[in-house]
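Trainee: Got a structure for you, protein16.pdb, holding PDB, C-alpha atoms.
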ATOM      1  CA  MET L 227     126.409  75.596 173.356  1.00  0.00           C
ATOM      2  CA  ALA L 228     127.826  75.724 176.875  1.00  0.00           C
ATOM      3  CA  GLY L 229     126.589  78.677 178.916  1.00  0.00           C
ATOM      4  CA  VAL L 230     123.337  78.989 176.993  1.00  0.00           C
ATOM      5  CA  SER L 231     120.260  77.867 178.884  1.00  0.00           C
ATOM      6  CA  GLU L 232     117.819  75.334 177.506  1.00  0.00           C
ATOM      7  CA  GLU L 233     115.110  77.956 177.704  1.00  0.00           C
ATOM      8  CA  ARG L 234     117.160  80.484 175.727  1.00  0.00           C
ATOM      9  CA  LEU L 235     117.907  77.950 173.009  1.00  0.00           C
ATOM     10  CA  ALA L 236     114.263  76.959 172.829  1.00  0.00           C
ATOM     11  CA  ILE L 237     113.182  80.592 172.553  1.00  0.00           C
ATOM     12  CA  ASN L 238     115.695  81.128 169.737  1.00  0.00           C
ATOM     13  CA  GLU L 239     114.224  78.200 167.842  1.00  0.00           C
ATOM     14  CA  ALA L 240     110.688  79.393 168.505  1.00  0.00           C
ATOM     15  CA  THR L 241     111.621  82.780 167.022  1.00  0.00           C
ATOM     16  CA  PHE L 242     112.797  81.162 163.799  1.00  0.00           C
ATOM     17  CA  ARG L 243     109.590  79.133 163.757  1.00  0.00           C
ATOM     18  CA  LYS L 244     107.698  82.429 163.847  1.00  0.00           C
ATOM     19  CA  VAL L 245     109.738  83.639 160.868  1.00  0.00           C
ATOM     20  CA  ASN L 246     108.935  80.478 158.975  1.00  0.00           C
ATOM     21  CA  GLU L 247     105.246  80.749 159.756  1.00  0.00           C
ATOM     22  CA  GLY L 248     105.411  84.129 157.998  1.00  0.00           C
ATOM     23  CA  ILE L 249     107.168  82.552 155.031  1.00  0.00           C
ATOM     24  CA  GLU L 250     104.626  79.749 154.891  1.00  0.00           C
ATOM     25  CA  ALA L 251     101.737  82.219 155.050  1.00  0.00           C
ATOM     26  CA  GLY L 252     102.947  83.914 151.879  1.00  0.00           C
ATOM     27  CA  SER L 253     103.878  80.788 149.982  1.00  0.00           C
ATOM     28  CA  ASP L 254     102.242  78.696 147.325  1.00  0.00           C
ATOM     29  CA  ASP L 255     102.720  74.964 146.892  1.00  0.00           C
ATOM     30  CA  HIS L 256     106.176  74.717 145.383  1.00  0.00           C
ATOM     31  CA  ARG L 257     109.377  74.308 147.365  1.00  0.00           C
ATOM     32  CA  MET L 258     110.244  77.412 149.392  1.00  0.00           C
ATOM     33  CA  ALA L 259     113.258  78.662 151.289  1.00  0.00           C
ATOM     34  CA  PHE L 260     112.828  78.579 155.058  1.00  0.00           C
ATOM     35  CA  ALA L 261     115.187  79.581 157.838  1.00  0.00           C
ATOM     36  CA  CYS L 262     117.034  76.812 159.665  1.00  0.00           C
ATOM     37  CA  GLU L 263     115.303  76.509 163.037  1.00  0.00           C
ATOM     38  CA  CYS L 264     118.359  75.598 165.060  1.00  0.00           C
ATOM     39  CA  GLY L 265     118.965  77.573 168.235  1.00  0.00           C
ATOM     40  CA  ARG L 266     122.477  78.719 167.356  1.00  0.00           C
ATOM     41  CA  LEU L 267     122.869  82.472 167.542  1.00  0.00           C
ATOM     42  CA  GLY L 268     124.178  83.619 164.183  1.00  0.00           C
ATOM     43  CA  CYS L 269     122.895  80.763 162.054  1.00  0.00           C
ATOM     44  CA  ASN L 270     121.643  82.433 158.887  1.00  0.00           C
ATOM     45  CA  ARG L 271     121.227  79.369 156.701  1.00  0.00           C
ATOM     46  CA  LEU L 272     118.193  78.713 154.553  1.00  0.00           C
ATOM     47  CA  LEU L 273     116.873  75.339 153.467  1.00  0.00           C
ATOM     48  CA  GLU L 274     114.183  74.352 151.003  1.00  0.00           C
ATOM     49  CA  LEU L 275     111.016  72.520 151.983  1.00  0.00           C
ATOM     50  CA  SER L 276     107.759  71.969 150.164  1.00  0.00           C
ATOM     51  CA  ARG L 277     104.614  73.153 151.856  1.00  0.00           C
ATOM     52  CA  PRO L 278     103.536  69.589 152.764  1.00  0.00           C
ATOM     53  CA  GLU L 279     106.993  68.938 154.230  1.00  0.00           C
ATOM     54  CA  TYR L 280     106.755  72.141 156.232  1.00  0.00           C
ATOM     55  CA  ASP L 281     103.236  71.470 157.462  1.00  0.00           C
ATOM     56  CA  ALA L 282     104.174  67.923 158.492  1.00  0.00           C
ATOM     57  CA  VAL L 283     106.722  69.353 160.923  1.00  0.00           C
ATOM     58  CA  ARG L 284     104.456  72.143 162.129  1.00  0.00           C
ATOM     59  CA  GLU L 285     101.706  69.700 163.088  1.00  0.00           C
ATOM     60  CA  HIS L 286     103.822  68.867 166.131  1.00  0.00           C
ATOM     61  CA  PRO L 287     104.531  71.815 168.428  1.00  0.00           C
ATOM     62  CA  ARG L 288     107.755  70.289 169.763  1.00  0.00           C
ATOM     63  CA  ARG L 289     109.236  69.578 166.318  1.00  0.00           C
ATOM     64  CA  PHE L 290     111.543  71.759 164.259  1.00  0.00           C
ATOM     65  CA  PHE L 291     113.642  71.321 161.115  1.00  0.00           C
ATOM     66  CA  VAL L 292     117.356  72.024 161.038  1.00  0.00           C
ATOM     67  CA  LEU L 293     120.292  71.450 158.740  1.00  0.00           C
ATOM     68  CA  ALA L 294     122.296  68.306 159.366  1.00  0.00           C
ATOM     69  CA  GLY L 295     124.911  69.074 161.990  1.00  0.00           C
ATOM     70  CA  HIS L 296     122.818  71.879 163.540  1.00  0.00           C
ATOM     71  CA  GLU L 297     120.959  69.583 165.936  1.00  0.00           C
ATOM     72  CA  LEU L 298     121.471  70.270 169.656  1.00  0.00           C
ATOM     73  CA  LEU L 299     121.319  66.912 171.373  1.00  0.00           C
ATOM     74  CA  ASP L 300     121.231  68.432 174.861  1.00  0.00           C
ATOM     75  CA  ILE L 301     117.704  69.682 174.252  1.00  0.00           C
ATOM     76  CA  GLU L 302     116.332  67.666 171.342  1.00  0.00           C
ATOM     77  CA  ARG L 303     116.427  64.308 169.607  1.00  0.00           C
ATOM     78  CA  VAL L 304     116.468  63.574 165.908  1.00  0.00           C
ATOM     79  CA  ILE L 305     113.135  62.175 164.725  1.00  0.00           C
ATOM     80  CA  GLU L 306     113.634  62.092 160.947  1.00  0.00           C
ATOM     81  CA  ARG L 307     116.615  62.384 158.600  1.00  0.00           C
ATOM     82  CA  HIS L 308     115.996  63.727 155.090  1.00  0.00           C
ATOM     83  CA  ASP L 309     118.426  64.639 152.310  1.00  0.00           C
ATOM     84  CA  ARG L 310     118.017  68.359 152.898  1.00  0.00           C
ATOM     85  CA  TYR L 311     117.167  68.574 156.577  1.00  0.00           C
ATOM     86  CA  LEU L 312     116.599  66.831 159.886  1.00  0.00           C
ATOM     87  CA  VAL L 313     113.444  66.920 161.976  1.00  0.00           C
ATOM     88  CA  VAL L 314     114.178  67.268 165.691  1.00  0.00           C
ATOM     89  CA  GLU L 315     111.874  67.103 168.707  1.00  0.00           C
ATOM     90  CA  LYS L 316     112.446  69.166 171.812  1.00  0.00           C
ATOM     91  CA  VAL L 317     112.656  67.414 175.155  1.00  0.00           C
ATOM     92  CA  GLY L 318     112.483  68.619 178.758  1.00  0.00           C
ATOM     93  CA  GLU L 319     112.191  72.346 179.451  1.00  0.00           C
ATOM     94  CA  ALA L 320     112.908  73.111 175.797  1.00  0.00           C
ATOM     95  CA  GLY L 321     109.892  71.028 174.836  1.00  0.00           C
ATOM     96  CA  ALA L 322     107.692  72.933 177.254  1.00  0.00           C
ATOM     97  CA  VAL L 323     108.869  76.263 175.801  1.00  0.00           C
ATOM     98  CA  ALA L 324     108.253  74.987 172.280  1.00  0.00           C
ATOM     99  CA  GLU L 325     104.680  74.070 173.137  1.00  0.00           C
ATOM    100  CA  ARG L 326     104.040  77.297 174.998  1.00  0.00           C
ATOM    101  CA  THR L 327     105.256  79.449 172.094  1.00  0.00           C
ATOM    102  CA  ASP L 328     103.650  77.489 169.266  1.00  0.00           C
ATOM    103  CA  PRO L 329     102.053  80.138 167.023  1.00  0.00           C
ATOM    104  CA  ARG L 330      99.419  77.640 165.911  1.00  0.00           C
ATOM    105  CA  ARG L 331      98.113  77.343 169.425  1.00  0.00           C
ATOM    106  CA  ASP L 332      95.050  79.415 170.209  1.00  0.00           C
ATOM    107  CA  ASP L 333      96.963  81.509 172.692  1.00  0.00           C
ATOM    108  CA  PRO L 334     100.743  81.225 172.191  1.00  0.00           C
ATOM    109  CA  GLY L 335     102.678  82.583 175.131  1.00  0.00           C
TER     110      GLY L 335
ATOM    111  CA  MET H 164      96.488  90.934 154.369  1.00  0.00           C
ATOM    112  CA  GLU H 165      96.514  93.883 151.954  1.00  0.00           C
ATOM    113  CA  LYS H 166      93.736  96.396 151.586  1.00  0.00           C
ATOM    114  CA  ALA H 167      92.983  98.779 148.760  1.00  0.00           C
ATOM    115  CA  THR H 168      94.069 101.859 150.675  1.00  0.00           C
ATOM    116  CA  ALA H 169      96.093 104.721 149.191  1.00  0.00           C
ATOM    117  CA  PRO H 170      99.615 104.442 150.576  1.00  0.00           C
ATOM    118  CA  ALA H 171     100.773 106.957 153.156  1.00  0.00           C
ATOM    119  CA  LEU H 172     104.287 106.388 151.837  1.00  0.00           C
ATOM    120  CA  ASP H 173     105.532 104.891 148.575  1.00  0.00           C
ATOM    121  CA  ILE H 174     109.217 105.263 147.820  1.00  0.00           C
ATOM    122  CA  THR H 175     111.599 103.374 145.570  1.00  0.00           C
ATOM    123  CA  LEU H 176     115.250 103.398 146.547  1.00  0.00           C
ATOM    124  CA  PRO H 177     118.410 102.043 144.955  1.00  0.00           C
ATOM    125  CA  ALA H 178     119.494  98.876 146.772  1.00  0.00           C
ATOM    126  CA  VAL H 179     122.651 100.414 148.217  1.00  0.00           C
ATOM    127  CA  PRO H 180     123.721 100.589 151.895  1.00  0.00           C
ATOM    128  CA  GLY H 181     122.324 104.100 152.451  1.00  0.00           C
ATOM    129  CA  ALA H 182     118.839 102.927 151.495  1.00  0.00           C
ATOM    130  CA  ALA H 183     118.235 101.419 154.930  1.00  0.00           C
ATOM    131  CA  SER H 184     118.685 104.704 156.765  1.00  0.00           C
ATOM    132  CA  ASP H 185     116.670 106.629 154.152  1.00  0.00           C
ATOM    133  CA  ALA H 186     113.803 104.160 154.480  1.00  0.00           C
ATOM    134  CA  ARG H 187     114.041 104.146 158.273  1.00  0.00           C
ATOM    135  CA  ARG H 188     113.687 107.922 158.486  1.00  0.00           C
ATOM    136  CA  ALA H 189     110.843 108.097 155.964  1.00  0.00           C
ATOM    137  CA  VAL H 190     108.844 105.343 157.626  1.00  0.00           C
ATOM    138  CA  HIS H 191     109.381 106.695 161.112  1.00  0.00           C
ATOM    139  CA  GLU H 192     107.840 110.008 160.053  1.00  0.00           C
ATOM    140  CA  VAL H 193     104.693 108.136 159.046  1.00  0.00           C
ATOM    141  CA  ALA H 194     104.625 105.719 161.976  1.00  0.00           C
ATOM    142  CA  ALA H 195     105.409 108.094 164.846  1.00  0.00           C
ATOM    143  CA  GLY H 196     102.297 108.789 166.859  1.00  0.00           C
ATOM    144  CA  ARG H 197     100.278 106.210 164.971  1.00  0.00           C
ATOM    145  CA  VAL H 198     101.649 103.039 166.569  1.00  0.00           C
ATOM    146  CA  GLY H 199     102.860 102.320 170.075  1.00  0.00           C
ATOM    147  CA  ASP H 200     106.531 102.400 169.110  1.00  0.00           C
ATOM    148  CA  GLY H 201     107.419 104.146 165.884  1.00  0.00           C
ATOM    149  CA  TYR H 202     111.054 103.187 166.344  1.00  0.00           C
ATOM    150  CA  ALA H 203     110.100  99.512 166.240  1.00  0.00           C
ATOM    151  CA  VAL H 204     108.545 100.062 162.826  1.00  0.00           C
ATOM    152  CA  ALA H 205     111.621 101.973 161.702  1.00  0.00           C
ATOM    153  CA  LEU H 206     113.939  99.204 162.925  1.00  0.00           C
ATOM    154  CA  ALA H 207     111.908  96.534 161.157  1.00  0.00           C
ATOM    155  CA  VAL H 208     112.021  98.511 157.919  1.00  0.00           C
ATOM    156  CA  SER H 209     115.731  99.032 158.284  1.00  0.00           C
ATOM    157  CA  GLU H 210     116.292  95.292 158.660  1.00  0.00           C
ATOM    158  CA  ALA H 211     114.058  94.486 155.689  1.00  0.00           C
ATOM    159  CA  VAL H 212     115.780  96.972 153.390  1.00  0.00           C
ATOM    160  CA  THR H 213     119.195  95.784 154.566  1.00  0.00           C
ATOM    161  CA  ASN H 214     118.204  92.235 153.638  1.00  0.00           C
ATOM    162  CA  ALA H 215     117.302  93.405 150.139  1.00  0.00           C
ATOM    163  CA  VAL H 216     120.576  95.318 149.784  1.00  0.00           C
ATOM    164  CA  ILE H 217     122.689  92.366 150.925  1.00  0.00           C
ATOM    165  CA  HIS H 218     120.873  89.436 149.361  1.00  0.00           C
ATOM    166  CA  ALA H 219     118.442  90.358 146.592  1.00  0.00           C
ATOM    167  CA  TYR H 220     120.800  91.357 143.808  1.00  0.00           C
ATOM    168  CA  ARG H 221     123.897  89.398 144.683  1.00  0.00           C
ATOM    169  CA  ASP H 222     123.820  87.674 141.288  1.00  0.00           C
ATOM    170  CA  ARG H 223     124.531  90.971 139.537  1.00  0.00           C
ATOM    171  CA  ALA H 224     127.979  92.167 138.549  1.00  0.00           C
ATOM    172  CA  PRO H 225     129.501  94.552 141.105  1.00  0.00           C
ATOM    173  CA  ASP H 226     129.808  97.339 138.529  1.00  0.00           C
ATOM    174  CA  SER H 227     126.212  97.061 137.279  1.00  0.00           C
ATOM    175  CA  GLU H 228     123.406  99.434 138.165  1.00  0.00           C
ATOM    176  CA  PRO H 229     121.977  98.703 141.611  1.00  0.00           C
ATOM    177  CA  GLY H 230     118.584  97.069 141.815  1.00  0.00           C
ATOM    178  CA  GLU H 231     115.659  98.737 143.521  1.00  0.00           C
ATOM    179  CA  VAL H 232     113.760  98.279 146.745  1.00  0.00           C
ATOM    180  CA  GLN H 233     110.258  99.650 147.115  1.00  0.00           C
ATOM    181  CA  VAL H 234     108.935 100.640 150.522  1.00  0.00           C
ATOM    182  CA  THR H 235     105.212 101.205 150.934  1.00  0.00           C
ATOM    183  CA  VAL H 236     103.221 102.071 154.033  1.00  0.00           C
ATOM    184  CA  THR H 237      99.456 101.883 154.109  1.00  0.00           C
ATOM    185  CA  ILE H 238      97.178 102.694 157.005  1.00  0.00           C
ATOM    186  CA  ASP H 239      93.692 101.423 157.512  1.00  0.00           C
ATOM    187  CA  GLY H 240      91.378 101.554 160.463  1.00  0.00           C
ATOM    188  CA  GLU H 241      93.317  98.998 162.471  1.00  0.00           C
ATOM    189  CA  GLU H 242      96.921  98.725 161.410  1.00  0.00           C
ATOM    190  CA  LEU H 243      99.914 100.267 159.772  1.00  0.00           C
ATOM    191  CA  LEU H 244     101.093  97.869 157.076  1.00  0.00           C
ATOM    192  CA  VAL H 245     104.609  98.034 155.652  1.00  0.00           C
ATOM    193  CA  SER H 246     105.679  96.371 152.416  1.00  0.00           C
ATOM    194  CA  VAL H 247     109.337  96.087 151.430  1.00  0.00           C
ATOM    195  CA  ALA H 248     109.744  94.576 147.956  1.00  0.00           C
ATOM    196  CA  ASP H 249     112.688  93.901 145.691  1.00  0.00           C
ATOM    197  CA  GLU H 250     112.983  92.484 142.186  1.00  0.00           C
ATOM    198  CA  GLY H 251     115.959  90.305 142.935  1.00  0.00           C
ATOM    199  CA  MET H 252     116.741  86.623 142.810  1.00  0.00           C
ATOM    200  CA  GLY H 253     114.567  85.610 145.745  1.00  0.00           C
ATOM    201  CA  MET H 254     115.420  83.738 148.907  1.00  0.00           C
ATOM    202  CA  ARG H 255     117.879  80.982 148.099  1.00  0.00           C
ATOM    203  CA  PRO H 256     119.960  78.738 150.328  1.00  0.00           C
ATOM    204  CA  ARG H 257     123.629  79.720 150.291  1.00  0.00           C
ATOM    205  CA  ALA H 258     126.539  78.412 152.267  1.00  0.00           C
ATOM    206  CA  ASP H 259     128.409  81.723 152.434  1.00  0.00           C
ATOM    207  CA  SER H 260     125.601  84.004 153.564  1.00  0.00           C
ATOM    208  CA  PRO H 261     126.932  87.150 155.239  1.00  0.00           C
ATOM    209  CA  GLY H 262     125.291  88.743 158.252  1.00  0.00           C
ATOM    210  CA  ALA H 263     124.109  87.364 161.561  1.00  0.00           C
ATOM    211  CA  GLY H 264     120.803  86.041 160.263  1.00  0.00           C
ATOM    212  CA  LEU H 265     118.848  88.153 162.714  1.00  0.00           C
ATOM    213  CA  GLY H 266     116.992  90.444 160.310  1.00  0.00           C
ATOM    214  CA  LEU H 267     113.877  88.339 159.802  1.00  0.00           C
ATOM    215  CA  PRO H 268     113.684  87.249 163.467  1.00  0.00           C
ATOM    216  CA  ILE H 269     113.844  90.884 164.543  1.00  0.00           C
ATOM    217  CA  ILE H 270     111.057  91.848 162.153  1.00  0.00           C
ATOM    218  CA  ALA H 271     108.907  88.871 163.145  1.00  0.00           C
ATOM    219  CA  THR H 272     109.375  89.692 166.817  1.00  0.00           C
ATOM    220  CA  LEU H 273     108.617  93.408 166.489  1.00  0.00           C
ATOM    221  CA  ALA H 274     105.620  93.186 164.175  1.00  0.00           C
ATOM    222  CA  ASP H 275     102.122  92.111 165.088  1.00  0.00           C
ATOM    223  CA  ARG H 276     101.807  90.372 161.724  1.00  0.00           C
ATOM    224  CA  PHE H 277     104.542  89.159 159.415  1.00  0.00           C
ATOM    225  CA  GLU H 278     104.531  87.536 156.002  1.00  0.00           C
ATOM    226  CA  VAL H 279     107.136  86.750 153.363  1.00  0.00           C
ATOM    227  CA  ARG H 280     106.099  86.403 149.747  1.00  0.00           C
ATOM    228  CA  GLN H 281     108.639  84.676 147.585  1.00  0.00           C
ATOM    229  CA  GLN H 282     107.445  85.486 144.100  1.00  0.00           C
ATOM    230  CA  THR H 283     108.805  85.233 140.592  1.00  0.00           C
ATOM    231  CA  GLY H 284     111.144  88.157 140.266  1.00  0.00           C
ATOM    232  CA  GLY H 285     111.726  89.085 143.861  1.00  0.00           C
ATOM    233  CA  THR H 286     110.779  88.929 147.496  1.00  0.00           C
ATOM    234  CA  ARG H 287     108.211  90.961 149.369  1.00  0.00           C
ATOM    235  CA  LEU H 288     108.059  91.331 153.127  1.00  0.00           C
ATOM    236  CA  LEU H 289     104.798  92.477 154.661  1.00  0.00           C
ATOM    237  CA  PHE H 290     104.563  93.404 158.316  1.00  0.00           C
ATOM    238  CA  GLY H 291     101.797  95.049 160.232  1.00  0.00           C
ATOM    239  CA  PHE H 292     101.593  97.023 163.465  1.00  0.00           C
ATOM    240  CA  ARG H 293      98.433  97.764 165.385  1.00  0.00           C
ATOM    241  CA  LEU H 294      97.493 101.434 165.408  1.00  0.00           C
ATOM    242  CA  THR H 295      97.151 103.178 168.712  1.00  0.00           C
ATOM    243  CA  ALA H 296      93.659 104.312 169.655  1.00  0.00           C
ATOM    244  CA  ALA H 297      94.419 107.875 168.617  1.00  0.00           C
ATOM    245  CA  GLY H 298      95.975 106.746 165.322  1.00  0.00           C
TER     246      GLY H 298
END
Could you rewrite the structure in this file as structure tokens?

Mentor:
Amino acid sequence: MAGVSEERLAINEATFRKVNEGIEAGSDDHRMAFACECGRLGCNRLLELSRPEYDAVREHPRRFFVLAGHELLDIERVIERHDRYLVVEKVGEAGAVAERTDPRRDDPG
Amino acid sequence: MEKATAPALDITLPAVPGAASDARRAVHEVAAGRVGDGYAVALAVSEAVTNAVIHAYRDRAPDSEPGEVQVTVTIDGEELLVSVADEGMGMRPRADSPGAGLGLPIIATLADRFEVRQQTGGTRLLFGFRLTAAG
């Protein structure tokens, strides 16, 4: 991802988080398709999570879920490895952007 | 999110490439002057209908009748609410998905409210835009 700033990557991931919040809002309790939250421009992959799995990630404003191989180790570290997805946590400036844009905050920036 | 308001627009289109532009024009006529940026509503609708055309009925044989996509716009005292619904196979992970994957992010960014309902027999996108004071 050379040439792409940490902030830009973090904003990309925050945008996909916003998409997934919309998916979660319309979902029931069975496994749903969510968009991969990696920051790669052009990633259009979907992955399936249950609502509890989704909410467990969303409880932490710096955490996102991505497909294996889509993690960006310059701006995040892998927290959990599951069969269908990885949970990553943003660090540095990317972490600050993730917190600032968290739609579950009272006043997301 | 939905209210029992008579729709200002309710059209059903065949899920073919031209449907996106037809829906865009129809919705813009309703949205213009009612929301801050009618073109933003039109763009969001275009992306939603394009998603339905590309993804919803991909399990059907190429020579079969096209599926349908229904576009509804309702207006209440506070917002213009757009619904784009198909009766296709729903959102499913696929390794060979065409497109840039930017349709839903564009809609979520443009709209004030955004929701995806993955239901038995199709997908429904709902997105709302605040009305301007004069709307």

Trainee: Translate the PyMOL selection byres ((chain L and resi 261) around 7) into a concrete residue list for this structure, as a PyMOL selection string.

Mentor: chain L and resi 242+246+259-260+262-263+271-273

Trainee: For those residues, write C-alpha atoms to a file as a CSV table (one decimal), keeping the file's coordinate frame.

Mentor:
chain,number,residue,atom,x,y,z
L,242,PHE,CA,112.8,81.2,163.8
L,246,ASN,CA,108.9,80.5,159.0
L,259,ALA,CA,113.3,78.7,151.3
L,260,PHE,CA,112.8,78.6,155.1
L,262,CYS,CA,117.0,76.8,159.7
L,263,GLU,CA,115.3,76.5,163.0
L,271,ARG,CA,121.2,79.4,156.7
L,272,LEU,CA,118.2,78.7,154.6
L,273,LEU,CA,116.9,75.3,153.5

Trainee: Report, in Å with one decimal, the straight-line distance from CA of Gly265 in chain L to CA of Glu247 in chain L.

Mentor: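 Those two atoms sit 16.4 Å apart.
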
Trainee: Can you list, as a list in words, every protein, DNA or RNA residue that comes within 12 Å of Arg284 in chain L when you count all atoms listed in the file, leaving out same-chain residues fewer than 2 positions away?

Mentor: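 Residues meeting the cut-off are Ala240, Arg243, Lys244, Asn246, Glu247, Glu250, Glu263, Arg277, Pro278, Glu279, Tyr280, Asp281, Ala282, His286, Pro287, Arg288, Arg289, Phe290, Phe291, Val313, Val314, Glu315, Ala324, Glu325, Asp328, Pro329, Arg330 and Arg331 of chain L.
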
Trainee: Apply the PyMOL selection byres ((chain L and resi 310) around 10) to the displayed file and report the matching residues as a PyMOL selection string.

Mentor: chain L and resi 273-275+291-294+307-309+311-312

Trainee: Any chance you could export the current selection's C-alpha atoms as a PDB file, keeping the file's coordinate frame?

Mentor:
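Below you can see part.pdb, which holds the result:
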ATOM      1  CA  LEU L 273     116.873  75.339 153.467  1.00  0.00           C
ATOM      2  CA  GLU L 274     114.183  74.352 151.003  1.00  0.00           C
ATOM      3  CA  LEU L 275     111.016  72.520 151.983  1.00  0.00           C
ATOM      4  CA  PHE L 291     113.642  71.321 161.115  1.00  0.00           C
ATOM      5  CA  VAL L 292     117.356  72.024 161.038  1.00  0.00           C
ATOM      6  CA  LEU L 293     120.292  71.450 158.740  1.00  0.00           C
ATOM      7  CA  ALA L 294     122.296  68.306 159.366  1.00  0.00           C
ATOM      8  CA  ARG L 307     116.615  62.384 158.600  1.00  0.00           C
ATOM      9  CA  HIS L 308     115.996  63.727 155.090  1.00  0.00           C
ATOM     10  CA  ASP L 309     118.426  64.639 152.310  1.00  0.00           C
ATOM     11  CA  TYR L 311     117.167  68.574 156.577  1.00  0.00           C
ATOM     12  CA  LEU L 312     116.599  66.831 159.886  1.00  0.00           C
TER      13      LEU L 312
END

Trainee: Can you tell me how far CA of Arg197 in chain H sits from CA of Ala271 in chain H, in Å to one decimal?

Mentor: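 Distance between the two atoms: 19.5 Å.
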
Trainee: Identify which of the residues L:Arg257, L:Asn270, L:Glu239, L:Glu233 lies closest to chain H, counting all atoms listed in the file when measuring atom-to-atom distances.

Mentor: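 The closest residue to chain H is L:Asn270.
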
Trainee: Complete the atom set of range 208-220 of chain H to N, CA and C atoms and return it as a PDB file, in the frame of the given file.

Mentor:
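The resulting file, result06.pdb, is shown below:
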ATOM      1  N   VAL H 208     111.809  98.096 159.303  1.00  0.00           N
ATOM      2  CA  VAL H 208     112.021  98.511 157.919  1.00  0.00           C
ATOM      3  C   VAL H 208     113.500  98.519 157.581  1.00  0.00           C
ATOM      4  N   SER H 209     114.287  98.995 158.504  1.00  0.00           N
ATOM      5  CA  SER H 209     115.731  99.032 158.284  1.00  0.00           C
ATOM      6  C   SER H 209     116.281  97.634 158.040  1.00  0.00           C
ATOM      7  N   GLU H 210     115.828  96.668 158.831  1.00  0.00           N
ATOM      8  CA  GLU H 210     116.292  95.292 158.660  1.00  0.00           C
ATOM      9  C   GLU H 210     115.823  94.718 157.324  1.00  0.00           C
ATOM     10  N   ALA H 211     114.601  95.023 156.947  1.00  0.00           N
ATOM     11  CA  ALA H 211     114.058  94.486 155.689  1.00  0.00           C
ATOM     12  C   ALA H 211     114.810  95.058 154.485  1.00  0.00           C
ATOM     13  N   VAL H 212     115.056  96.359 154.514  1.00  0.00           N
ATOM     14  CA  VAL H 212     115.780  96.972 153.390  1.00  0.00           C
ATOM     15  C   VAL H 212     117.225  96.476 153.357  1.00  0.00           C
ATOM     16  N   THR H 213     117.826  96.314 154.517  1.00  0.00           N
ATOM     17  CA  THR H 213     119.195  95.784 154.566  1.00  0.00           C
ATOM     18  C   THR H 213     119.255  94.390 153.959  1.00  0.00           C
ATOM     19  N   ASN H 214     118.269  93.570 154.247  1.00  0.00           N
ATOM     20  CA  ASN H 214     118.204  92.235 153.638  1.00  0.00           C
ATOM     21  C   ASN H 214     118.193  92.337 152.114  1.00  0.00           C
ATOM     22  N   ALA H 215     117.388  93.249 151.595  1.00  0.00           N
ATOM     23  CA  ALA H 215     117.302  93.405 150.139  1.00  0.00           C
ATOM     24  C   ALA H 215     118.648  93.865 149.570  1.00  0.00           C
ATOM     25  N   VAL H 216     119.282  94.799 150.258  1.00  0.00           N
ATOM     26  CA  VAL H 216     120.576  95.318 149.784  1.00  0.00           C
ATOM     27  C   VAL H 216     121.630  94.209 149.756  1.00  0.00           C
ATOM     28  N   ILE H 217     121.640  93.391 150.805  1.00  0.00           N
ATOM     29  CA  ILE H 217     122.689  92.366 150.925  1.00  0.00           C
ATOM     30  C   ILE H 217     122.415  91.168 150.021  1.00  0.00           C
ATOM     31  N   HIS H 218     121.162  90.745 149.967  1.00  0.00           N
ATOM     32  CA  HIS H 218     120.873  89.436 149.361  1.00  0.00           C
ATOM     33  C   HIS H 218     120.194  89.474 147.992  1.00  0.00           C
ATOM     34  N   ALA H 219     119.353  90.472 147.741  1.00  0.00           N
ATOM     35  CA  ALA H 219     118.442  90.358 146.592  1.00  0.00           C
ATOM     36  C   ALA H 219     119.157  90.352 145.250  1.00  0.00           C
ATOM     37  N   TYR H 220     120.181  91.164 145.119  1.00  0.00           N
ATOM     38  CA  TYR H 220     120.800  91.357 143.808  1.00  0.00           C
ATOM     39  C   TYR H 220     122.231  90.839 143.776  1.00  0.00           C
TER      40      TYR H 220
END
